[in-house]
>>> print(open('start.txt').read())   # compact mmCIF, C-alpha atoms
# COMPACT_ATOMS: atom_id res chain seq x y z
CA MET A 15 13.51 70.57 79.05
CA ASN A 16 12.06 67.07 79.22
CA LYS A 17 12.12 64.44 76.45
CA ARG A 18 8.60 65.18 75.19
CA SER A 19 9.38 68.88 74.82
CA TRP A 20 12.49 68.02 72.80
CA VAL A 21 10.44 65.92 70.45
CA TYR A 22 7.81 68.65 69.99
CA THR A 23 10.46 71.31 69.42
CA THR A 24 12.28 69.15 66.89
CA LEU A 25 9.03 68.44 65.05
CA LEU A 26 8.08 72.09 64.95
CA LEU A 27 11.52 73.08 63.68
CA LEU A 28 11.31 70.40 61.01
CA LEU A 29 7.86 71.58 59.89
CA ALA A 30 9.02 75.19 59.85
CA THR A 31 11.96 74.19 57.67
CA LEU A 32 9.82 72.20 55.28
CA THR A 33 7.15 74.86 54.86
CA GLN A 34 9.61 77.70 54.63
CA ALA A 35 9.02 79.86 51.56
CA GLN A 36 11.49 79.01 48.84
CA THR A 37 12.23 80.63 45.57
CA TYR A 38 10.90 78.87 42.47
CA ASP A 39 11.55 81.71 40.08
CA THR A 40 13.42 79.54 37.60
CA HIS A 41 12.53 77.75 34.39
CA ARG A 42 12.67 74.00 34.91
CA LEU A 43 12.51 70.98 32.62
CA TYR A 44 11.49 67.59 33.93
CA PHE A 45 11.41 64.10 32.51
CA GLY A 46 8.41 62.14 33.75
CA LEU A 47 7.44 58.48 33.76
CA ASP A 48 4.00 57.30 34.71
CA LEU A 49 4.17 54.54 37.29
CA LEU A 50 0.58 53.42 37.80
CA ARG A 51 -0.13 53.12 34.10
CA THR A 52 2.98 51.00 33.64
CA PHE A 53 1.24 48.24 35.58
CA PRO A 54 -2.43 48.45 34.60
CA LEU A 55 -4.03 46.73 37.56
CA VAL A 56 -7.41 45.90 36.07
CA PHE A 57 -5.85 43.90 33.23
CA GLU A 58 -4.38 40.42 33.42
CA ARG A 59 -1.34 41.13 31.26
CA GLY A 60 0.35 43.93 29.38
CA TYR A 61 1.81 47.35 29.92
CA VAL A 62 1.25 51.06 29.40
CA PHE A 63 4.42 53.09 28.88
CA GLU A 64 3.97 56.84 29.21
CA PRO A 65 7.10 59.02 29.24
CA SER A 66 6.60 62.79 29.39
CA ILE A 67 8.43 66.11 29.29
CA ILE A 68 7.27 68.86 31.67
CA TYR A 69 8.28 72.49 31.43
CA LYS A 70 7.57 74.72 34.43
CA THR A 71 7.97 78.48 33.99
CA ASN A 72 9.06 80.94 36.64
CA THR A 73 5.43 82.15 36.75
CA HIS A 74 4.30 78.66 37.77
CA THR A 75 2.73 77.70 34.47
CA THR A 76 3.24 74.08 33.42
CA PHE A 77 3.47 72.69 29.90
CA ASP A 78 3.16 68.93 29.77
CA VAL A 79 3.75 66.75 26.71
CA ALA A 80 3.44 62.97 26.86
CA VAL A 81 3.36 60.03 24.51
CA GLY A 82 1.97 56.68 25.54
CA PHE A 83 2.20 53.14 24.21
CA ASN A 84 0.01 50.30 25.38
CA ASP A 85 -0.49 46.59 24.87
CA ILE A 86 -2.92 45.18 27.38
CA ARG A 87 -4.95 41.97 27.70
CA LYS A 88 -8.00 40.95 29.69
CA ASP A 89 -9.59 37.50 29.86
CA GLU A 90 -13.31 36.91 29.62
CA LEU A 91 -14.61 40.36 28.91
CA TYR A 92 -18.33 40.62 28.07
CA GLY A 93 -18.89 37.02 29.10
CA ASN A 94 -16.64 34.98 26.82
CA MET A 95 -14.29 37.29 24.89
CA ASP A 96 -10.53 37.51 25.39
CA TYR A 97 -9.71 41.21 24.99
CA ALA A 98 -6.55 42.90 23.68
CA ASN A 99 -5.93 46.61 23.21
CA THR A 100 -2.85 47.92 21.40
CA GLY A 101 -2.18 51.49 20.40
CA ARG A 102 -0.62 54.80 21.25
CA TYR A 103 -1.68 58.23 22.41
CA TYR A 104 -0.35 61.75 22.56
CA ARG A 105 -1.17 64.18 25.34
CA VAL A 106 -0.54 67.92 25.63
CA GLY A 107 -1.50 69.91 28.69
CA VAL A 108 -1.24 73.35 30.21
CA GLY A 109 -1.45 73.85 33.96
CA GLN A 110 -1.29 76.57 36.54
CA PHE A 111 -0.21 76.66 40.16
CA LEU A 112 -3.29 77.01 42.37
CA PHE A 113 -2.00 79.18 45.23
CA LYS A 114 -0.69 82.71 45.51
CA GLU A 115 2.59 81.90 47.15
CA ARG A 116 4.78 79.01 46.15
CA LYS A 117 6.26 76.95 48.98
CA LYS A 118 8.06 73.65 49.03
CA PHE A 119 5.13 71.37 49.89
CA ASN A 120 2.21 73.24 48.36
CA ASP A 121 2.77 72.41 44.69
CA PHE A 122 -0.91 71.95 43.76
CA ASN A 123 -1.71 72.51 40.10
CA LEU A 124 -4.72 72.38 37.86
CA GLN A 125 -4.05 71.21 34.33
CA PHE A 126 -6.13 71.02 31.16
CA GLY A 127 -5.15 68.59 28.45
CA LEU A 128 -5.98 67.26 25.03
CA ILE A 129 -5.38 63.60 24.18
CA TYR A 130 -5.35 61.95 20.76
CA SER A 131 -5.68 58.20 21.09
CA ASP A 132 -5.22 55.76 18.21
CA PHE A 133 -5.80 52.13 19.14
CA THR A 134 -7.15 48.78 17.99
CA GLU A 135 -9.30 46.55 20.14
CA LYS A 136 -9.26 42.85 19.35
CA GLY A 137 -11.67 40.31 20.75
CA THR A 138 -11.19 36.56 20.44
CA ILE A 139 -14.29 34.47 21.00
CA VAL A 140 -14.13 30.71 21.32
CA ILE A 141 -17.39 28.77 21.20
CA GLU A 142 -16.74 25.20 22.20
CA GLY A 143 -17.72 22.39 19.88
CA ASP A 144 -17.35 19.03 21.59
CA ASN A 145 -17.81 16.86 18.51
CA TYR A 146 -16.33 18.70 15.51
CA GLY A 147 -14.10 21.27 17.20
CA ASP A 148 -14.27 24.83 18.45
CA LEU A 149 -15.42 27.87 16.53
CA VAL A 150 -12.89 30.70 16.87
CA ASP A 151 -14.05 34.15 15.83
CA ILE A 152 -11.87 37.27 15.93
CA LYS A 153 -13.39 40.74 16.01
CA LYS A 154 -11.41 43.94 15.55
CA GLN A 155 -12.27 47.60 15.80
CA ARG A 156 -9.98 50.60 15.43
CA ASN A 157 -10.67 53.99 16.96
CA GLN A 158 -8.98 57.36 16.67
CA LEU A 159 -10.42 59.56 19.39
CA PHE A 160 -9.92 63.04 20.82
CA VAL A 161 -10.25 63.32 24.59
CA LEU A 162 -10.35 66.38 26.86
CA GLU A 163 -8.72 66.11 30.24
CA LEU A 164 -9.06 67.97 33.53
CA GLN A 165 -6.21 67.10 35.86
CA PRO A 166 -5.73 68.39 39.40
CA ASN A 167 -2.31 67.28 40.57
CA TYR A 168 0.15 67.60 43.40
CA THR A 169 3.93 67.34 43.20
CA LEU A 170 5.81 66.06 46.21
CA PRO A 171 9.53 66.84 46.17
CA ILE A 172 11.74 63.94 47.20
CA SER A 173 15.07 65.61 46.56
CA ASP A 174 16.30 68.59 44.58
CA ARG A 175 15.95 66.70 41.31
CA ILE A 176 13.41 63.96 41.98
CA SER A 177 9.73 64.44 42.79
CA VAL A 178 6.51 62.47 42.64
CA ASN A 179 3.47 63.82 40.83
CA PHE A 180 0.05 62.59 42.03
CA GLN A 181 -2.73 63.16 39.52
CA VAL A 182 -6.48 62.86 39.38
CA ARG A 183 -7.56 62.53 35.77
CA ILE A 184 -11.06 63.30 34.61
CA ASN A 185 -11.53 62.74 30.89
CA TYR A 186 -14.27 63.34 28.40
CA VAL A 187 -14.17 61.45 25.10
CA VAL A 188 -15.14 64.07 22.53
CA SER A 189 -15.14 61.91 19.38
CA THR A 190 -17.87 59.38 18.74
CA PRO A 191 -16.30 55.93 19.04
CA LYS A 192 -16.90 53.06 16.62
CA GLU A 193 -18.46 50.19 18.52
CA ASP A 194 -19.81 48.04 15.71
CA GLN A 195 -18.22 44.79 16.95
CA PHE A 196 -18.53 45.22 20.72
CA PRO A 197 -18.85 48.10 23.22
CA LEU A 198 -15.70 50.19 23.52
CA TYR A 199 -13.91 49.11 26.68
CA TYR A 200 -10.65 51.01 27.14
CA VAL A 201 -9.30 54.21 25.63
CA PRO A 202 -5.51 54.43 25.99
CA GLY A 203 -4.65 57.68 27.74
CA ALA A 204 -8.19 58.17 29.01
CA GLY A 205 -9.07 54.93 30.78
CA MET A 206 -12.02 52.59 31.07
CA MET A 207 -15.26 53.39 29.34
CA GLN A 208 -17.71 52.19 31.94
CA VAL A 209 -20.32 50.27 30.04
CA PHE A 210 -23.92 50.67 31.13
CA GLU A 211 -26.29 47.72 31.24
CA ASP A 212 -28.09 46.98 27.98
CA ASN A 213 -31.24 48.96 27.46
CA ASP A 214 -34.54 47.45 26.30
CA GLU A 215 -33.53 47.56 22.64
CA GLY A 216 -30.30 45.69 23.35
CA VAL A 217 -28.16 48.70 22.42
CA HIS A 218 -24.88 49.01 24.28
CA ASN A 219 -23.74 52.37 25.58
CA SER A 220 -20.42 53.55 26.90
CA ASN A 221 -19.82 56.29 29.38
CA ARG A 222 -17.84 59.09 27.73
CA ILE A 223 -16.58 60.43 31.04
CA THR A 224 -13.76 58.46 32.62
CA GLU A 225 -11.82 59.11 35.77
CA GLY A 226 -8.74 57.71 37.41
CA ILE A 227 -5.65 58.40 39.43
CA SER A 228 -2.05 58.25 38.41
CA ILE A 229 1.41 58.60 39.90
CA ARG A 230 4.29 59.99 37.89
CA LEU A 231 7.96 60.05 38.78
CA LEU A 232 9.64 63.34 37.79
CA TYR A 233 13.32 64.02 37.25
CA LYS A 234 14.49 67.61 36.90
CA PHE A 235 17.22 67.61 34.29
CA LEU A 236 17.48 71.31 33.50
CA GLU A 237 17.07 74.53 35.50
CA LEU A 238 17.60 78.00 34.07
CA MET B 1 -53.55 26.96 62.21
CA LYS B 2 -54.02 30.24 60.35
CA TYR B 3 -50.40 31.10 60.97
CA LYS B 4 -49.22 27.78 59.50
CA LEU B 5 -51.40 28.29 56.45
CA PHE B 6 -50.02 31.79 56.00
CA LYS B 7 -46.44 30.48 56.30
CA GLY B 8 -47.17 27.74 53.75
CA CYS B 9 -48.63 30.21 51.24
CA LEU B 10 -45.65 32.53 51.72
CA SER B 11 -43.21 29.66 51.06
CA VAL B 12 -45.04 28.67 47.87
CA ILE B 13 -45.02 32.29 46.63
CA PHE B 14 -41.34 32.69 47.48
CA ILE B 15 -40.28 29.45 45.74
CA SER B 16 -42.42 30.28 42.69
CA CYS B 17 -40.81 33.71 42.45
CA LEU B 18 -37.38 32.14 42.76
CA PHE B 19 -38.05 29.69 39.91
CA PHE B 20 -39.59 32.42 37.78
CA TYR B 21 -36.59 34.71 38.33
CA THR B 22 -34.04 31.94 37.67
CA GLY B 23 -35.86 31.06 34.47
CA CYS B 24 -35.72 34.65 33.33
CA ILE B 25 -32.06 35.27 33.92
CA ASP B 26 -30.95 32.14 32.05
CA GLU B 27 -32.61 33.12 28.78
CA CYS B 28 -30.14 33.72 25.97
CA ASP B 29 -31.04 33.25 22.32
CA GLY B 30 -27.88 32.26 20.46
CA GLN B 31 -25.87 29.05 20.46
CA GLU B 32 -23.11 28.47 22.98
CA GLY B 33 -22.28 24.99 21.68
CA GLU B 34 -23.13 22.51 18.95
CA PRO B 35 -26.87 22.21 18.29
CA THR B 36 -28.43 18.81 17.65
CA LEU B 37 -29.99 17.87 14.32
CA TYR B 38 -33.02 15.57 14.58
CA ILE B 39 -33.83 13.70 11.36
CA SER B 40 -37.25 12.06 11.24
CA PHE B 41 -38.45 9.61 8.59
CA ALA B 42 -41.97 8.59 7.54
CA THR B 43 -41.07 4.92 8.03
CA GLU B 44 -38.65 3.06 10.27
CA LYS B 45 -35.05 2.81 9.05
CA ARG B 46 -32.51 0.24 10.13
CA TYR B 47 -29.25 2.17 10.22
CA THR B 48 -26.29 0.71 12.08
CA ARG B 49 -24.33 3.97 12.40
CA VAL B 50 -25.38 7.62 12.04
CA TYR B 51 -22.70 10.30 12.36
CA GLY B 52 -21.47 13.64 11.10
CA VAL B 53 -18.39 13.69 8.85
CA GLY B 54 -15.40 15.09 10.74
CA GLY B 55 -16.98 14.46 14.13
CA LYS B 56 -15.74 12.34 17.00
CA GLU B 57 -19.08 10.71 17.88
CA LYS B 58 -19.93 7.64 15.78
CA ASP B 59 -22.79 5.96 17.63
CA THR B 60 -23.83 2.45 16.62
CA TYR B 61 -27.43 1.21 16.67
CA ASP B 62 -28.98 -2.25 16.51
CA TYR B 63 -32.66 -1.31 16.32
CA PRO B 64 -34.88 0.34 13.72
CA SER B 65 -36.13 3.86 14.36
CA THR B 66 -37.99 6.75 12.70
CA GLN B 67 -35.80 9.44 14.33
CA TRP B 68 -32.03 9.85 14.43
CA HIS B 69 -29.90 12.64 15.76
CA VAL B 70 -26.38 14.00 15.29
CA PRO B 71 -24.53 17.13 16.48
CA VAL B 72 -24.24 20.02 14.01
CA SER B 73 -20.82 21.46 13.26
CA ILE B 74 -20.28 25.07 14.38
CA LYS B 75 -16.75 24.98 13.01
CA ASP B 76 -17.93 24.82 9.40
CA ASP B 77 -20.79 26.19 7.30
CA SER B 78 -22.19 22.71 6.65
CA THR B 79 -22.66 19.31 8.24
CA ILE B 80 -22.63 16.08 6.25
CA VAL B 81 -24.56 13.28 7.95
CA VAL B 82 -23.82 9.69 6.98
CA PHE B 83 -26.39 6.93 7.58
CA GLU B 84 -24.71 3.52 7.41
CA SER B 85 -26.69 0.32 6.97
CA SER B 86 -26.04 -3.26 5.82
CA THR B 87 -27.67 -2.50 2.46
CA GLY B 88 -25.80 0.75 1.70
CA ASN B 89 -25.13 4.27 2.90
CA ASP B 90 -27.25 7.42 2.73
CA THR B 91 -26.05 11.00 3.01
CA LEU B 92 -27.70 14.25 4.05
CA THR B 93 -25.93 17.63 3.81
CA ILE B 94 -27.19 20.75 5.56
CA ARG B 95 -25.66 24.14 4.77
CA TYR B 96 -26.15 27.27 6.86
CA SER B 97 -24.66 30.68 7.66
CA ARG B 98 -22.96 31.42 10.97
CA THR B 99 -22.75 34.78 12.74
CA VAL B 100 -21.04 35.40 16.07
CA LYS B 101 -22.35 38.51 17.77
CA MET B 102 -22.69 39.95 21.22
CA GLU B 103 -26.16 39.20 22.47
CA SER B 104 -25.88 41.16 25.70
CA GLN B 105 -23.36 41.73 28.44
CA ARG B 106 -24.94 38.95 30.48
CA CYS B 107 -25.12 36.35 27.69
CA GLY B 108 -21.87 37.39 26.05
CA PHE B 109 -21.09 36.39 22.48
CA ARG B 110 -23.28 33.73 20.91
CA LEU B 111 -23.48 31.96 17.59
CA PHE B 112 -26.51 32.53 15.41
CA LEU B 113 -27.30 30.08 12.60
CA ASP B 114 -29.47 31.04 9.64
CA ASP B 115 -30.20 30.39 5.92
CA PHE B 116 -30.55 26.62 6.22
CA GLU B 117 -30.68 24.56 3.05
CA ILE B 118 -30.25 20.93 2.14
CA THR B 119 -27.61 20.59 -0.55
CA GLU B 120 -25.49 18.02 -2.35
CA PRO B 121 -24.22 15.45 -1.47
CA THR B 122 -27.63 14.15 -0.40
CA THR B 123 -29.00 10.76 -1.40
CA PHE B 124 -32.56 11.28 -0.18
CA THR B 125 -35.09 12.47 -2.76
CA ARG B 126 -38.22 13.39 -0.81
CA LEU B 127 -36.78 16.29 1.11
CA PRO B 128 -38.54 19.01 3.11
CA ASP B 129 -38.83 22.62 1.93
CA GLU B 130 -37.31 23.97 5.09
CA VAL B 131 -35.33 23.07 8.19
CA SER B 132 -36.95 23.97 11.50
CA TYR B 133 -34.53 25.68 13.87
CA TYR B 134 -34.86 26.46 17.52
CA THR B 135 -31.99 27.29 19.85
CA ASN B 136 -29.90 24.11 20.20
CA GLU B 137 -32.23 22.03 17.99
CA LEU B 138 -32.75 21.54 14.24
CA TYR B 139 -35.47 19.35 12.78
CA VAL B 140 -35.64 17.75 9.34
CA TYR B 141 -38.48 15.51 8.18
CA ILE B 142 -37.81 13.19 5.25
CA ASP B 143 -40.91 11.67 3.70
CA GLU B 144 -39.34 8.30 2.93
>>> encode(input="start.txt", output="structure tokens")
Amino acid sequence: MNKRSWVYTTLLLLLATLTQAQTYDTHRLYFGLDLLRTFPLVFERGYVFEPSIIYKTNTHTTFDVAVGFNDIRKDELYGNMDYANTGRYYRVGVGQFLFKERKKFNDFNLQFGLIYSDFTEKGTIVIEGDNYGDLVDIKKQRNQLFVLELQPNYTLPISDRISVNFQVRINYVVSTPKEDQFPLYYVPGAGMMQVFEDNDEGVHNSNRITEGISIRLLYKFLEL
Amino acid sequence: MKYKLFKGCLSVIFISCLFFYTGCIDECDGQEGEPTLYISFATEKRYTRVYGVGGKEKDTYDYPSTQWHVPVSIKDDSTIVVFESSTGNDTLTIRYSRTVKMESQRCGFRLFLDDFEITEPTTFTRLPDEVSYYTNELYVYIDE
């Protein structure tokens, strides 16, 4: 047996081991922490902290409960406004394993969720006055919104207790947001409301469908 | 010859379009700084200094004129203008309302001034009924 054959054989054995059918007929409880949201990349400063508890049944149904806290800042939004968004959100979700047979590396799930987001957006506008001084105007708007979520996700096991959960999140903001001061920009738990260009009447519109990706670190702390 | 003429016409059209487009995209209605107040008089006045109270600019003059100008405060709801001369001082006060609102995503937030009125303390007696306001410019005519 030459060197190349050894390598191929080893690789095949490794793959066979990894994809070998394993038993997942237990009830499991995980603690999760969202990693991508912790460092919101499109904002200059701030954080989003989203811990979660995940319960997976022996029939591969997932119950997911999360609470999120955010305090994020962005400079020069809508031309000349410094933007801040502080609030919290609650998320509950139910998911189901997508395949017939559960194996170690095929943990694909589809999850439906409901999010309640309560947050305040604050905009600080400074109009420069060279002679007398600047005009500083602060605008605030609070929203309490319900959001529906569709979330395909995949869980990659790292060890027996630790795994990484990759999620695609597609959200629809059900409630009508208040946008009397400026167009709604970010819904905690749901993401960016992509603002369309102004129409002829100068009315601002926000897109109610948001999408994004997320990575969550999972720690299995109980197995029954 | 024809080709050169065609090229010339094309250049003129292109440059005209460019100017027209640039003009269009720069149009925003509200204030993004302090507007200027132009005060015109029926006769020449010999003021040595004309300035707004609380402002940094205090320009001095050594010639008579029928028109004077000062910046308008966007920090406050009124601007008090002082006209200094060797024979005494005059005062003109203009009050207005200020609203900051989002004009569009391109223009951002702008200041809109409205409800102009000339109030006390003002030493002039023959005052106009209204203040003319265009973006960045206010005009007052005093019939003295």
>>> closest_atom_pairs(input="start.txt", of="chain B", to="chain A", cutoff="9 Å", atoms="only C-alpha atoms", output="JSON lines")
{"residue": "B:Gln31", "atom": "CA", "partner": "A:Ile141", "partner_atom": "CA", "distance": 8.5}
{"residue": "B:Glu32", "atom": "CA", "partner": "A:Ile141", "partner_atom": "CA", "distance": 6.0}
{"residue": "B:Gly33", "atom": "CA", "partner": "A:Gly143", "partner_atom": "CA", "distance": 5.5}
{"residue": "B:Glu34", "atom": "CA", "partner": "A:Gly143", "partner_atom": "CA", "distance": 5.5}
{"residue": "B:Gly52", "atom": "CA", "partner": "A:Tyr146", "partner_atom": "CA", "distance": 8.5}
{"residue": "B:Val53", "atom": "CA", "partner": "A:Tyr146", "partner_atom": "CA", "distance": 8.6}
{"residue": "B:Gly54", "atom": "CA", "partner": "A:Tyr146", "partner_atom": "CA", "distance": 6.1}
{"residue": "B:Gly55", "atom": "CA", "partner": "A:Tyr146", "partner_atom": "CA", "distance": 4.5}
{"residue": "B:Lys56", "atom": "CA", "partner": "A:Asn145", "partner_atom": "CA", "distance": 5.2}
{"residue": "B:Glu57", "atom": "CA", "partner": "A:Asn145", "partner_atom": "CA", "distance": 6.3}
{"residue": "B:Pro71", "atom": "CA", "partner": "A:Asn145", "partner_atom": "CA", "distance": 7.0}
{"residue": "B:Val72", "atom": "CA", "partner": "A:Tyr146", "partner_atom": "CA", "distance": 8.2}
{"residue": "B:Ser73", "atom": "CA", "partner": "A:Tyr146", "partner_atom": "CA", "distance": 5.7}
{"residue": "B:Ile74", "atom": "CA", "partner": "A:Leu149", "partner_atom": "CA", "distance": 6.0}
{"residue": "B:Lys75", "atom": "CA", "partner": "A:Leu149", "partner_atom": "CA", "distance": 4.7}
{"residue": "B:Asp76", "atom": "CA", "partner": "A:Leu149", "partner_atom": "CA", "distance": 8.2}
{"residue": "B:Val100", "atom": "CA", "partner": "A:Asp151", "partner_atom": "CA", "distance": 7.1}
{"residue": "B:Lys101", "atom": "CA", "partner": "A:Gln195", "partner_atom": "CA", "distance": 7.6}
{"residue": "B:Met102", "atom": "CA", "partner": "A:Phe196", "partner_atom": "CA", "distance": 6.7}
{"residue": "B:Glu103", "atom": "CA", "partner": "A:Gly216", "partner_atom": "CA", "distance": 7.7}
{"residue": "B:Ser104", "atom": "CA", "partner": "A:Asp212", "partner_atom": "CA", "distance": 6.6}
{"residue": "B:Gln105", "atom": "CA", "partner": "A:Tyr92", "partner_atom": "CA", "distance": 5.2}
{"residue": "B:Arg106", "atom": "CA", "partner": "A:Gly93", "partner_atom": "CA", "distance": 6.5}
{"residue": "B:Cys107", "atom": "CA", "partner": "A:Gly93", "partner_atom": "CA", "distance": 6.4}
{"residue": "B:Gly108", "atom": "CA", "partner": "A:Gly93", "partner_atom": "CA", "distance": 4.3}
{"residue": "B:Phe109", "atom": "CA", "partner": "A:Asn94", "partner_atom": "CA", "distance": 6.4}
{"residue": "B:Arg110", "atom": "CA", "partner": "A:Ile141", "partner_atom": "CA", "distance": 7.7}
{"residue": "B:Leu111", "atom": "CA", "partner": "A:Ile141", "partner_atom": "CA", "distance": 7.8}
>>> residues_near_point(input="start.txt", point="(-2.3, 68.6, 24.4)", cutoff="7 Å", atoms="all atoms listed in the file", output="list in words")
Val79, Arg105, Val106, Gly107, Gly127, Leu128 and Ile129 of chain A
>>> atom_distance(input="start.txt", atom1="atom CA of Glu135 of chain A", atom2="atom CA of Tyr97 of chain A")
7.2 Å
>>> residues_near_point(input="start.txt", point="(-45.6, 11.1, 5.2)", cutoff="8 Å", atoms="all atoms listed in the file", output="NGL selection string")
:B and (42 or 143-144)
>>> atom_distance(input="start.txt", atom1="atom CA of Leu231 of chain A", atom2="atom CA of Phe180 of chain A")
8.9 Å
>>> closest_residue(input="start.txt", among="A:Val108, A:Leu159, A:Leu170, A:Ile227", to="Ile184 of chain A", atoms="all atoms listed in the file")
A:Ile227
>>> atom_distance(input="start.txt", atom1="atom CA of Gln155 of chain A", atom2="atom CA of Gly30 of chain B")
22.4 Å
>>> closest_residue(input="start.txt", among="A:Leu43, A:Ile86, A:Ala98, A:Leu112", to="His74 of chain A", atoms="only C-alpha atoms")
A:Leu112
>>> closest_residue(input="start.txt", among="A:Val56, A:Ile68, A:Val161, A:Val182", to="Phe122 of chain A", atoms="all atoms listed in the file")
A:Val182
>>> residues_around(input="start.txt", residues="Phe133 of chain A", least_positions_apart="2", cutoff="9 Å", atoms="all atoms listed in the file", output="short mmCIF file (atom, residue, chain, number, x, y, z; two decimals) with C-alpha atoms, in the frame of the given file")
data_model
loop_
_atom_site.label_atom_id
_atom_site.label_comp_id
_atom_site.auth_asym_id
_atom_site.auth_seq_id
_atom_site.Cartn_x
_atom_site.Cartn_y
_atom_site.Cartn_z
CA ASN A 84 0.01 50.30 25.38
CA ASN A 99 -5.93 46.61 23.21
CA THR A 100 -2.85 47.92 21.40
CA GLY A 101 -2.18 51.49 20.40
CA ARG A 102 -0.62 54.80 21.25
CA TYR A 103 -1.68 58.23 22.41
CA SER A 131 -5.68 58.20 21.09
CA GLU A 135 -9.30 46.55 20.14
CA GLN A 155 -12.27 47.60 15.80
CA ARG A 156 -9.98 50.60 15.43
CA ASN A 157 -10.67 53.99 16.96
CA GLN A 158 -8.98 57.36 16.67
CA LEU A 159 -10.42 59.56 19.39
CA VAL A 201 -9.30 54.21 25.63
CA PRO A 202 -5.51 54.43 25.99
#
>>> residues_around(input="start.txt", residues="segment 134-138 of chain B", least_positions_apart="3", cutoff="7 Å", atoms="all atoms listed in the file", output="tab-separated table (two decimals) with C-alpha atoms, in the frame of the given file")
chain	number	residue	atom	x	y	z
B	29	ASP	CA	-31.04	33.25	22.32
B	30	GLY	CA	-27.88	32.26	20.46
B	31	GLN	CA	-25.87	29.05	20.46
B	35	PRO	CA	-26.87	22.21	18.29
B	36	THR	CA	-28.43	18.81	17.65
B	37	LEU	CA	-29.99	17.87	14.32
B	38	TYR	CA	-33.02	15.57	14.58
B	131	VAL	CA	-35.33	23.07	8.19
>>> residues_around(input="start.txt", residues="Leu113 of chain B", least_positions_apart="2", cutoff="8 Å", atoms="all atoms listed in the file", output="list in words")
Tyr96, Ser97, Arg98, Thr99, Leu111, Asp115 and Phe116 of chain B
>>> axis_aligned_box(input="start.txt", around="segment 132-142 of chain A", padding_each_side="8 Å", output="AutoDock Vina command-line options")
--center_x -11.3 --center_y 40.5 --center_z 20.1 --size_x 28.2 --size_y 46.6 --size_z 20.2
>>> closest_residue(input="start.txt", among="B:Ile94, B:Val81, B:Cys28, B:Val70", to="Glu117 of chain B", atoms="all atoms listed in the file")
B:Ile94
>>> decode(input="start.txt", residues="segment 107-117 of chain B", atoms="N, CA, C and O atoms", output="short mmCIF file (atom, residue, chain, number, x, y, z; two decimals), in the first residue's frame")
data_model
loop_
_atom_site.label_atom_id
_atom_site.label_comp_id
_atom_site.auth_asym_id
_atom_site.auth_seq_id
_atom_site.Cartn_x
_atom_site.Cartn_y
_atom_site.Cartn_z
N CYS B 107 -30.91 64.71 1.66
CA CYS B 107 -30.63 66.01 2.30
C CYS B 107 -30.42 65.85 3.80
O CYS B 107 -29.80 66.71 4.43
N GLY B 108 -30.94 64.82 4.38
CA GLY B 108 -30.83 64.62 5.83
C GLY B 108 -31.77 65.55 6.59
O GLY B 108 -32.78 66.01 6.05
N PHE B 109 -31.39 65.86 7.82
CA PHE B 109 -32.20 66.73 8.66
C PHE B 109 -31.83 68.19 8.41
O PHE B 109 -30.66 68.53 8.38
N ARG B 110 -32.84 69.01 8.27
CA ARG B 110 -32.63 70.44 8.01
C ARG B 110 -33.48 71.26 8.96
O ARG B 110 -34.47 70.77 9.51
N LEU B 111 -33.08 72.50 9.11
CA LEU B 111 -33.82 73.43 9.96
C LEU B 111 -34.76 74.26 9.10
O LEU B 111 -34.35 74.79 8.06
N PHE B 112 -35.99 74.36 9.55
CA PHE B 112 -36.98 75.18 8.85
C PHE B 112 -37.42 76.31 9.77
O PHE B 112 -37.85 76.06 10.90
N LEU B 113 -37.28 77.53 9.30
CA LEU B 113 -37.69 78.72 10.06
C LEU B 113 -39.05 79.19 9.55
O LEU B 113 -39.33 79.10 8.35
N ASP B 114 -39.86 79.72 10.47
CA ASP B 114 -41.21 80.17 10.08
C ASP B 114 -41.70 81.19 11.11
O ASP B 114 -41.06 81.44 12.12
N ASP B 115 -42.89 81.74 10.87
CA ASP B 115 -43.58 82.66 11.79
C ASP B 115 -42.70 83.85 12.19
O ASP B 115 -42.54 84.15 13.38
N PHE B 116 -42.16 84.53 11.23
CA PHE B 116 -41.27 85.67 11.53
C PHE B 116 -42.08 86.86 12.03
O PHE B 116 -43.15 87.16 11.50
N GLU B 117 -41.55 87.54 13.02
CA GLU B 117 -42.16 88.81 13.45
C GLU B 117 -41.09 89.69 14.08
O GLU B 117 -40.14 89.19 14.68
#
